[in-house]
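Below is the file coords19.cif, which contains mmCIF, C-alpha atoms and all ligand atoms.
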data_my_file
#
loop_
_atom_site.label_atom_id
_atom_site.label_comp_id
_atom_site.auth_asym_id
_atom_site.auth_seq_id
_atom_site.Cartn_x
_atom_site.Cartn_y
_atom_site.Cartn_z
CA MET O 130 130.77 102.91 76.30
CA ASN O 131 131.53 101.90 79.85
CA GLN O 132 128.06 102.02 81.36
CA ILE O 133 128.05 100.17 84.68
CA ILE O 134 124.88 101.62 86.01
CA ARG O 135 121.96 101.23 83.65
CA PRO O 136 118.57 102.22 85.09
CA ARG O 137 116.92 100.68 82.03
CA ARG O 138 117.84 97.18 83.28
CA LEU O 139 114.99 97.36 85.76
CA ARG O 140 112.49 98.50 83.15
CA ASN O 141 112.82 95.47 80.99
CA GLY O 142 109.47 93.70 80.88
CA LEU O 143 106.22 94.07 82.74
CA THR O 144 106.93 91.50 85.46
CA LEU O 145 110.12 93.23 86.48
CA ARG O 146 108.57 96.68 86.33
CA LYS O 147 105.75 95.55 88.60
CA MET O 148 108.26 93.99 91.00
CA MET O 149 110.17 97.25 91.20
CA ARG O 150 107.19 99.50 91.85
CA GLU O 151 107.83 101.88 94.73
CA THR O 152 104.20 102.78 95.25
CA ARG O 153 101.76 100.09 96.35
CA MET O 154 98.04 100.51 96.66
CA SER O 155 94.97 98.37 97.06
CA PRO O 156 91.20 98.75 96.69
CA ASP O 157 91.02 98.61 100.51
CA SER O 158 92.26 102.20 100.55
CA LEU O 159 89.58 103.61 98.23
CA ILE O 160 86.47 105.57 99.20
CA LEU O 161 83.71 106.47 96.73
CA PRO O 162 81.70 109.69 97.26
CA VAL O 163 77.93 109.24 96.81
CA PHE O 164 75.09 111.79 96.76
CA ILE O 165 71.79 110.90 98.41
CA ARG O 166 68.90 113.10 97.37
CA GLU O 167 65.60 113.41 99.17
CA GLY O 168 62.76 111.72 97.31
CA GLU O 169 61.86 108.30 95.96
CA ASN O 170 62.94 106.17 93.06
CA ILE O 171 65.70 108.56 91.97
CA LYS O 172 68.78 107.56 90.01
CA GLU O 173 69.67 110.61 88.00
CA GLU O 174 72.95 111.38 86.31
CA ILE O 175 74.68 114.56 87.54
CA SER O 176 75.32 116.73 84.49
CA SER O 177 78.49 118.29 85.92
CA LEU O 178 79.86 114.84 86.89
CA PRO O 179 79.26 112.40 84.03
CA GLY O 180 79.02 108.85 85.34
CA GLN O 181 77.98 109.99 88.85
CA TYR O 182 74.38 109.92 90.04
CA HIS O 183 71.98 111.26 92.61
CA TYR O 184 70.25 108.41 94.41
CA SER O 185 67.21 108.55 96.66
CA PRO O 186 67.55 106.61 99.92
CA ASP O 187 65.51 103.71 98.51
CA ARG O 188 67.90 103.25 95.57
CA VAL O 189 71.29 104.10 97.05
CA GLY O 190 71.85 100.37 97.55
CA GLU O 191 72.46 100.11 93.80
CA ILE O 192 75.71 102.04 93.96
CA ALA O 193 76.76 100.26 97.16
CA GLU O 194 76.32 96.98 95.34
CA GLU O 195 78.40 98.16 92.39
CA ALA O 196 81.10 99.51 94.69
CA LEU O 197 81.34 96.31 96.71
CA ARG O 198 81.45 94.22 93.55
CA SER O 199 84.41 96.27 92.29
CA GLY O 200 86.26 95.88 95.59
CA VAL O 201 85.46 99.31 97.05
CA LYS O 202 84.31 98.75 100.61
CA SER O 203 83.64 102.30 101.73
CA LEU O 204 81.40 105.19 100.67
CA LEU O 205 81.54 108.87 101.62
CA LEU O 206 77.94 110.07 101.77
CA PHE O 207 76.54 113.53 101.05
CA GLY O 208 72.90 114.48 101.58
CA LEU O 209 70.78 116.74 99.39
CA PRO O 210 67.61 117.95 101.09
CA ALA O 211 64.42 119.07 99.32
CA HIS O 212 64.14 122.10 101.61
CA LYS O 213 66.84 124.42 102.82
CA ASP O 214 66.68 127.05 105.55
CA ASP O 215 68.94 129.47 107.43
CA CYS O 216 70.21 126.93 109.89
CA GLY O 217 70.20 123.87 107.64
CA SER O 218 67.73 121.98 109.83
CA GLU O 219 67.47 119.03 107.45
CA SER O 220 71.13 118.26 108.13
CA PHE O 221 70.36 116.91 111.60
CA ASN O 222 66.86 115.60 110.94
CA PRO O 223 66.93 111.98 112.15
CA ASP O 224 64.63 111.22 109.22
CA GLY O 225 66.52 113.29 106.65
CA ALA O 226 67.45 111.80 103.29
CA LEU O 227 71.02 111.10 104.33
CA GLN O 228 70.03 109.51 107.65
CA GLN O 229 67.49 107.32 105.82
CA GLY O 230 70.13 106.40 103.28
CA ILE O 231 72.63 105.41 105.99
CA ARG O 232 70.05 103.17 107.65
CA ALA O 233 69.07 101.56 104.35
CA LEU O 234 72.71 100.88 103.44
CA LYS O 235 73.74 99.48 106.82
CA GLU O 236 70.68 97.24 106.91
CA ARG O 237 71.31 95.72 103.50
CA TYR O 238 75.11 95.83 103.42
CA PRO O 239 76.40 95.56 106.98
CA GLU O 240 79.92 94.97 105.62
CA LEU O 241 79.89 98.33 103.81
CA TYR O 242 81.91 101.00 105.65
CA VAL O 243 79.92 104.23 105.74
CA VAL O 244 81.66 107.58 106.14
CA THR O 245 79.56 110.76 106.17
CA ASP O 246 80.48 114.32 105.25
CA ILE O 247 79.62 116.81 107.98
CA CYS O 248 78.88 120.24 106.61
CA MET O 249 75.98 122.62 106.30
CA CYS O 250 76.42 124.12 102.83
CA GLU O 251 74.15 121.60 101.11
CA TYR O 252 71.46 122.39 103.69
CA THR O 253 71.54 126.14 104.22
CA SER O 254 69.49 128.51 102.06
CA HIS O 255 72.52 130.82 101.84
CA GLY O 256 74.89 127.98 100.83
CA HIS O 257 77.53 128.74 103.46
CA CYS O 258 79.03 126.02 105.65
CA GLY O 259 77.65 127.34 108.95
CA ILE O 260 75.33 129.70 110.77
CA LEU O 261 75.50 133.33 109.69
CA SER O 262 75.88 136.40 111.86
CA GLY O 263 75.28 139.19 109.39
CA ARG O 264 77.22 138.15 106.30
CA GLU O 265 79.88 136.18 108.16
CA VAL O 266 79.82 132.52 109.12
CA ASP O 267 79.79 132.54 112.92
CA ASN O 268 82.32 129.93 114.01
CA ASP O 269 81.19 129.33 117.58
CA LYS O 270 77.47 129.41 116.81
CA THR O 271 78.07 126.75 114.16
CA LEU O 272 79.80 124.21 116.43
CA PRO O 273 76.66 122.96 118.25
CA PHE O 274 75.01 122.39 114.86
CA LEU O 275 77.97 120.31 113.70
CA GLN O 276 77.68 118.28 116.89
CA LYS O 277 74.00 117.62 116.19
CA ILE O 278 74.69 116.66 112.57
CA ALA O 279 77.46 114.23 113.54
CA LEU O 280 75.31 112.64 116.20
CA SER O 281 72.38 112.20 113.81
CA HIS O 282 74.68 110.41 111.35
CA VAL O 283 76.19 107.98 113.83
CA GLU O 284 72.81 107.34 115.42
CA ALA O 285 71.59 106.35 111.95
CA GLY O 286 74.54 103.94 111.70
CA ALA O 287 77.45 105.84 110.14
CA ASP O 288 80.79 104.14 110.87
CA MET O 289 82.93 107.29 110.62
CA VAL O 290 82.31 111.02 110.31
CA ALA O 291 84.27 113.45 108.16
CA PRO O 292 83.79 117.13 109.06
CA SER O 293 84.42 119.35 106.03
CA ASP O 294 83.14 122.70 107.29
CA MET O 295 86.52 124.17 108.36
CA MET O 296 85.27 125.82 111.55
CA ASP O 297 87.90 126.19 114.27
CA GLY O 298 87.44 123.74 117.13
CA ARG O 299 85.04 121.46 115.31
CA ILE O 300 87.01 118.26 115.79
CA GLY O 301 87.10 118.75 119.56
CA ALA O 302 83.42 119.69 119.64
CA ILE O 303 82.34 116.67 117.58
CA ARG O 304 84.60 114.32 119.56
CA GLU O 305 83.01 115.54 122.78
CA ALA O 306 79.46 115.10 121.43
CA LEU O 307 80.21 111.58 120.21
CA ASP O 308 81.91 110.57 123.46
CA GLN O 309 79.11 111.92 125.62
CA ASN O 310 76.62 109.84 123.70
CA GLY O 311 78.39 106.51 123.79
CA PHE O 312 80.11 106.76 120.41
CA GLU O 313 83.65 106.95 121.76
CA ASN O 314 84.72 104.29 119.26
CA THR O 315 83.51 106.15 116.18
CA PRO O 316 86.50 107.64 114.36
CA ILE O 317 86.72 111.16 112.95
CA LEU O 318 88.37 111.67 109.58
CA SER O 319 89.11 115.38 109.58
CA TYR O 320 89.11 117.42 106.42
CA ALA O 321 91.96 119.11 108.25
CA VAL O 322 93.52 120.71 105.22
CA LYS O 323 90.79 121.97 102.94
CA TYR O 324 91.58 124.75 100.52
CA ALA O 325 89.16 127.33 99.15
CA SER O 326 89.28 125.77 95.71
CA ALA O 327 87.75 126.40 92.32
CA PHE O 328 88.03 122.64 91.77
CA TYR O 329 84.82 122.16 93.81
CA GLY O 330 82.73 123.74 91.04
CA PRO O 331 81.07 120.58 89.70
CA PHE O 332 80.32 119.40 93.25
CA ARG O 333 78.51 122.64 94.02
CA ASP O 334 76.37 122.13 90.92
CA ALA O 335 75.73 118.55 91.98
CA ALA O 336 74.87 119.58 95.54
CA GLY O 337 73.27 122.95 94.83
CA SER O 338 75.63 124.31 97.45
CA ALA O 339 77.29 127.33 95.85
CA PRO O 340 77.27 130.23 98.32
CA ALA O 341 74.49 132.73 97.55
CA PHE O 342 76.91 135.60 98.21
CA GLY O 343 80.64 135.92 98.81
CA ASP O 344 82.92 132.89 98.87
CA ARG O 345 84.40 130.42 101.33
CA LYS O 346 87.78 132.10 101.69
CA GLY O 347 86.97 133.26 105.22
CA TYR O 348 87.02 129.67 106.44
CA GLN O 349 88.68 127.44 103.84
CA MET O 350 92.43 127.73 103.29
CA ASP O 351 94.42 129.96 100.96
CA CYS O 352 96.14 127.97 98.20
CA HIS O 353 99.42 129.81 98.75
CA ASN O 354 100.00 128.19 102.13
CA VAL O 355 101.60 124.97 103.27
CA ARG O 356 102.84 125.82 106.78
CA GLU O 357 99.25 126.68 107.58
CA ALA O 358 98.30 123.17 106.44
CA LEU O 359 100.56 121.76 109.14
CA LYS O 360 99.07 124.11 111.70
CA GLU O 361 95.57 122.87 110.82
CA ALA O 362 96.66 119.24 110.84
CA LEU O 363 98.44 119.49 114.21
CA LEU O 364 95.48 121.30 115.77
CA ASP O 365 93.07 118.61 114.62
CA ILE O 366 95.37 115.92 116.01
CA GLU O 367 95.32 117.71 119.39
CA GLU O 368 91.54 117.89 119.25
CA GLY O 369 91.28 114.14 118.69
CA ALA O 370 91.17 113.53 114.93
CA ASP O 371 91.82 109.88 114.05
CA ALA O 372 92.79 110.45 110.43
CA LEU O 373 93.51 113.52 108.32
CA MET O 374 92.58 114.63 104.86
CA VAL O 375 94.08 116.96 102.29
CA LYS O 376 91.69 118.34 99.69
CA PRO O 377 91.87 118.84 96.70
CA ALA O 378 94.56 116.34 95.73
CA LEU O 379 96.20 116.90 92.36
CA SER O 380 97.15 120.56 92.78
CA TYR O 381 98.24 119.91 96.37
CA LEU O 382 100.61 116.95 96.10
CA ASP O 383 103.30 118.94 97.92
CA VAL O 384 100.87 119.52 100.78
CA ILE O 385 100.09 115.80 100.97
CA ARG O 386 103.82 115.11 101.19
CA ALA O 387 104.36 117.77 103.89
CA VAL O 388 101.48 116.57 106.06
CA LYS O 389 102.59 112.96 105.64
CA GLU O 390 106.12 113.76 106.79
CA GLN O 391 105.10 115.82 109.81
CA THR O 392 102.25 113.76 111.25
CA THR O 393 101.67 110.15 112.19
CA LEU O 394 97.96 109.75 111.43
CA PRO O 395 96.59 107.91 108.41
CA LEU O 396 96.31 110.42 105.58
CA ALA O 397 93.51 110.64 103.05
CA ALA O 398 93.46 112.74 99.91
CA TYR O 399 90.27 113.80 98.17
CA SER O 400 90.53 113.96 94.41
CA VAL O 401 87.65 116.37 94.01
CA SER O 402 84.89 116.92 91.50
CA GLY O 403 86.84 119.35 89.30
CA GLU O 404 89.72 116.91 88.96
CA TYR O 405 87.31 114.19 87.82
CA ALA O 406 85.32 116.50 85.53
CA MET O 407 88.47 117.75 83.80
CA ILE O 408 89.58 114.24 82.92
CA LYS O 409 86.06 113.38 81.73
CA ALA O 410 85.82 116.53 79.59
CA ALA O 411 89.23 116.11 78.00
CA ALA O 412 88.56 112.44 77.33
CA ALA O 413 85.17 113.24 75.75
CA GLN O 414 87.06 115.35 73.24
CA ASN O 415 89.59 112.60 72.63
CA LEU O 416 92.35 114.81 73.95
CA ILE O 417 93.58 112.26 76.46
CA ASP O 418 93.22 108.59 77.22
CA GLU O 419 90.79 108.55 80.16
CA TYR O 420 91.85 105.23 81.68
CA ASN O 421 95.56 105.94 81.65
CA VAL O 422 95.20 109.52 82.89
CA MET O 423 92.94 108.29 85.70
CA CYS O 424 95.54 105.67 86.66
CA GLU O 425 98.49 108.04 86.51
CA SER O 426 96.72 110.73 88.54
CA ALA O 427 95.78 108.25 91.25
CA VAL O 428 99.31 106.87 91.45
CA SER O 429 100.68 110.40 91.85
CA ILE O 430 98.46 110.99 94.87
CA TYR O 431 99.62 107.80 96.60
CA ARG O 432 103.21 108.50 95.62
CA ALA O 433 102.92 111.91 97.27
CA GLY O 434 102.06 110.14 100.52
CA ALA O 435 98.32 109.50 100.66
CA ASP O 436 97.30 106.28 102.41
CA ILE O 437 93.65 106.58 101.43
CA LEU O 438 92.12 108.01 98.24
CA ILE O 439 88.63 109.45 97.98
CA SER O 440 87.76 109.50 94.29
CA TYR O 441 84.78 109.54 91.95
CA TYR O 442 86.81 106.98 90.00
CA ALA O 443 87.06 104.62 93.00
CA LYS O 444 85.31 101.69 91.30
CA GLU O 445 87.36 101.99 88.12
CA LEU O 446 90.57 102.39 90.15
CA ALA O 447 89.76 99.28 92.16
CA GLU O 448 89.47 97.34 88.90
CA ALA O 449 92.76 98.80 87.67
CA MET O 450 94.46 97.77 90.92
CA LYS O 451 93.00 94.27 90.76
CA LYS O 452 94.26 93.90 87.19
CA GLY O 453 97.67 95.09 88.32
CA ASP O 454 97.72 98.03 85.92
CA ILE O 455 98.55 100.11 88.99
CA GLY O 456 99.49 99.25 92.55
C1 LIG O 501 81.13 120.49 101.73
C2 LIG O 501 82.02 119.85 100.75
C3 LIG O 501 82.45 120.31 99.51
C4 LIG O 501 83.17 119.26 98.93
C5 LIG O 501 83.19 118.23 99.85
N1 LIG O 501 82.50 118.63 100.98
C6 LIG O 501 82.17 121.57 98.79
C7 LIG O 501 82.71 122.85 99.24
O1 LIG O 501 83.43 122.95 100.25
O2 LIG O 501 82.35 123.83 98.59
C8 LIG O 501 83.77 119.27 97.57
C9 LIG O 501 83.97 117.92 96.96
C10 LIG O 501 84.24 117.92 95.52
O3 LIG O 501 84.43 118.95 94.85
O4 LIG O 501 84.28 116.80 94.98
N2 LIG O 501 81.54 121.69 102.25
#
Starting from the coordinates I provided, produce the structure as C-alpha cells.
Amino acid sequence: MNQIIRPRRLRNGLTLRKMMRETRMSPDSLILPVFIREGENIKEEISSLPGQYHYSPDRVGEIAEEALRSGVKSLLLFGLPAHKDDCGSESFNPDGALQQGIRALKERYPELYVVTDICMCEYTSHGHCGILSGREVDNDKTLPFLQKIALSHVEAGADMVAPSDMMDGRIGAIREALDQNGFENTPILSYAVKYASAFYGPFRDAAGSAPAFGDRKGYQMDCHNVREALKEALLDIEEGADALMVKPALSYLDVIRAVKEQTTLPLAAYSVSGEYAMIKAAAAQNLIDEYNVMCESAVSIYRAGADILISYYAKELAEAMKKGDIG
C-alpha cells in the first residue's frame, strides 16, 4: 500500500477533530421561540411540542431566565390572544398579551434581546395571515395592519421585528412605519423565504392558527422553487430588510445555501415546530438518540450557510456548544 493521502489522519482523537471542524457556531447565534398567551399565572405544556410551554405575560420571565442561564440571549415571541376577530385587532392592542409580555421581559431582563413575529394568523378568526376580501387574503389591505402591529411591538420595547406574513411589500411598509415614528434603528429580520409547509403543523396547534378554510399556498412559497427564493430575498433587501430568514430549515438546506451565496445579509434559518416534534416523537419511541440527532441537525443548518438558528432546542443547543460537542 502506497497511501500518501490519508484523510483518517485528521480524525484521530477528539482534540484534533475539534481543531479541524469546518463549521463553527456559538450560543450567540441562537434564538428561542416563545409563546405568550393571554391570561394570568399560565405555564402550560404544549401537547404538540413536548418541552415547550405557553406562558402568560406575568410568567414569561421564567423561560427568559432559563434561556439566559443556558447562554441563549434572544427570544422570538409569538402572542396568543383570548379573542380573535376578522381583522385580528388584538395583534396591535398596546395592552395585548404579547405587548405586555415584551414590557415585562424588557423591564426584568434588559440584556435579553427580544424579537417579535409579525403576523395575523394567531389573531384572526379565520386563521389567515391577513385581511380577507372574499376568500382571498387582500395583500394591500393587510399592509397597514402589519405596520400597526410592528409599531405596537417596538413601542412596547421589542428590539427587532420579524414579519412572517409573506405579503408583498411588507418590509418596505414596516420600514416606513418604523422610520416615521422614530424607530429608524430597529432592525427587521425578514421571513423572506417562507414556504407553505406541512412542517408548521404542531405550531398551528400550539397557536390555534390553522386556517379555517383553504391553505396558505396563495401567499407562502411553493416547495419546488429555489430561484423564487432568491427573488423574495432580493426584493426584501431592496425594501430595507436587515437580515433574512429561510423557513423551514431541514428540508430546505439547499435554499439556505443558495440565499447565502447570492446575498450579503446575515442569514437566519428557522428549524420549525414539525422538525422539533419529529425528533421528539422518534426519540420517545427510542428510535433515535435525541441529543445526537438534535446536534447533527443543527450542525447541518449552519453548514448549509445559516448564521443564526431559530430553534425550539435553542437552550439545549447552547449547552451542547458550550460543552464543545458541536461548534
Ligand atoms: C405565523 C408563523 C407560523 C410559524 C411562524 N410564524 C405559522 C404559519 O405560517 O402557519 C411556524 C413556526 C413553526 O412551525 O415552528 N404565520
Point to revise | Within 7 Å of ligand LIG 501 (chain O), counting all atoms listed in the file, residues as a list in words | key: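 Going residue by residue within 7 Å of ligand LIG 501 (chain O), we get Asp246, Cys248, Met249, Cys250, Cys258, Ser293, Asp294, Phe328, Tyr329, Gly330, Pro331, Phe332, Arg333, Ser338, Ala339, Ser400, Val401, Ser402 and Gly403 of chain O.
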Edge lengths and centre in Å, axis-aligned, segment 355-363 of chain O plus 8 Å each side, as lines of an AutoDock Vina configuration file:
center_x = 99.2
center_y = 123.0
center_z = 108.7
size_x = 23.3
size_y = 23.4
size_z = 26.9
**Study point:** Long-range neighbours of Ile300 of chain O as number ranges by chain, 10 Å cut-off, all atoms listed in the file, 2 positions minimum in chain
**Key:** O: 272, 275-276, 291-292, 295-298, 302-306, 317-321, 364-371
Grab the residues selected above and save them as a short mmCIF file (atom, residue, chain, number, x, y, z; two decimals), in the coordinates of the input with C-alpha atoms.
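The new file selection-v4.cif reads:
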data_model
loop_
_atom_site.label_atom_id
_atom_site.label_comp_id
_atom_site.auth_asym_id
_atom_site.auth_seq_id
_atom_site.Cartn_x
_atom_site.Cartn_y
_atom_site.Cartn_z
CA LEU O 272 79.80 124.21 116.43
CA LEU O 275 77.97 120.31 113.70
CA GLN O 276 77.68 118.28 116.89
CA ALA O 291 84.27 113.45 108.16
CA PRO O 292 83.79 117.13 109.06
CA MET O 295 86.52 124.17 108.36
CA MET O 296 85.27 125.82 111.55
CA ASP O 297 87.90 126.19 114.27
CA GLY O 298 87.44 123.74 117.13
CA ALA O 302 83.42 119.69 119.64
CA ILE O 303 82.34 116.67 117.58
CA ARG O 304 84.60 114.32 119.56
CA GLU O 305 83.01 115.54 122.78
CA ALA O 306 79.46 115.10 121.43
CA ILE O 317 86.72 111.16 112.95
CA LEU O 318 88.37 111.67 109.58
CA SER O 319 89.11 115.38 109.58
CA TYR O 320 89.11 117.42 106.42
CA ALA O 321 91.96 119.11 108.25
CA LEU O 364 95.48 121.30 115.77
CA ASP O 365 93.07 118.61 114.62
CA ILE O 366 95.37 115.92 116.01
CA GLU O 367 95.32 117.71 119.39
CA GLU O 368 91.54 117.89 119.25
CA GLY O 369 91.28 114.14 118.69
CA ALA O 370 91.17 113.53 114.93
CA ASP O 371 91.82 109.88 114.05
#
**Study point:** Residue neighbourhood Glu419 of chain O, 12 Å, all atoms listed in the file, exclusion window fewer than 2 positions, as a PyMOL selection string
**Key:** chain O and resi 405-417+421-426+442+445-446
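When all atoms listed in the file are used to measure the gap to Pro223 of chain O, the shortest distance among O:Val355, O:Val384, O:Ile278, O:Met154 belongs to O:Ile278.
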Practice item. Please provide the set of residues having any atom within 12 Å of Asp334 of chain O, restricted to only C-alpha atoms, with same-chain residues fewer than 6 positions apart removed, written as a list in words. Key: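 Here the qualifying residues turn out to be Phe164, Ile175, Ser176, Ser177, Leu178, His183, Leu209, Glu251, Gly256, Phe328, Pro340, Ser402, Gly403 and Ala406 of chain O.
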Check your understanding: So, counting only C-alpha atoms, which residue among O:Tyr242, O:Phe274, O:Tyr324, O:Tyr182 is closest to Ser218 of chain O?
Key ->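 Distance minimum relative to Ser218 of chain O lands on O:Phe274.
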Check your understanding: Please, what distance in Å, to one decimal, runs between atom CA of Pro162 of chain O and atom CA of Ala398 of chain O?
Key ->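 Taking atom CA of Pro162 of chain O and atom CA of Ala398 of chain O, their separation equals 12.4 Å.
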Study note, to complete from the structure: As a check of understanding: the span from atom CA of Ala362 of chain O to atom CA of Arg432 of chain O is 19.7 Å
Exercise for review: Would you kindly identify which residues have an atom no farther than 12 Å from (87.6, 97.9, 100.9), using only C-alpha atoms and the file's own coordinates, and write them out as a list in words?
Suggested key: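 The residues near that point, listed by chain and number, are Met154, Ser155, Pro156, Asp157, Ser158, Leu159, Ile160, Leu161, Ala193, Ala196, Leu197, Arg198, Ser199, Gly200, Val201, Lys202, Ser203, Leu204, Glu240, Leu241, Tyr242, Val243, Ile437, Leu438, Ile439, Ala443, Lys444 and Ala447 of chain O.
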Which residues are near Val283 of chain O? Cut-off 10 Å, only C-alpha atoms, ignore same chain within fewer than 5 positions. Put them as a PDB file with C-alpha atoms, keeping the file's coordinate frame.
ATOM      1  CA  GLN O 228      70.030 109.510 107.650  1.00  0.00           C
ATOM      2  CA  ILE O 231      72.630 105.410 105.990  1.00  0.00           C
ATOM      3  CA  ARG O 232      70.050 103.170 107.650  1.00  0.00           C
ATOM      4  CA  VAL O 243      79.920 104.230 105.740  1.00  0.00           C
ATOM      5  CA  VAL O 244      81.660 107.580 106.140  1.00  0.00           C
ATOM      6  CA  THR O 245      79.560 110.760 106.170  1.00  0.00           C
ATOM      7  CA  ILE O 278      74.690 116.660 112.570  1.00  0.00           C
ATOM      8  CA  ASP O 288      80.790 104.140 110.870  1.00  0.00           C
ATOM      9  CA  MET O 289      82.930 107.290 110.620  1.00  0.00           C
ATOM     10  CA  VAL O 290      82.310 111.020 110.310  1.00  0.00           C
ATOM     11  CA  LEU O 307      80.210 111.580 120.210  1.00  0.00           C
ATOM     12  CA  PHE O 312      80.110 106.760 120.410  1.00  0.00           C
ATOM     13  CA  THR O 315      83.510 106.150 116.180  1.00  0.00           C
TER      14      THR O 315
END
Practice item. Mind giving me the straight-line distance from atom CA of Tyr420 of chain O to atom CA of Tyr441 of chain O in Å, one decimal? Key: 13.2 Å
Review point. Which is closer to Pro210 of chain O than all the others in O:Val375, O:Met350, O:Ala358, O:Ala226, using all atoms listed in the file?
Key: O:Ala226
Check your understanding: Contacts of Gly208 of chain O at 6 Å or less, counting all atoms listed in the file, minus same-chain residues fewer than 6 places along, as a ChimeraX atom specification?
Key -> /O:164-166,227
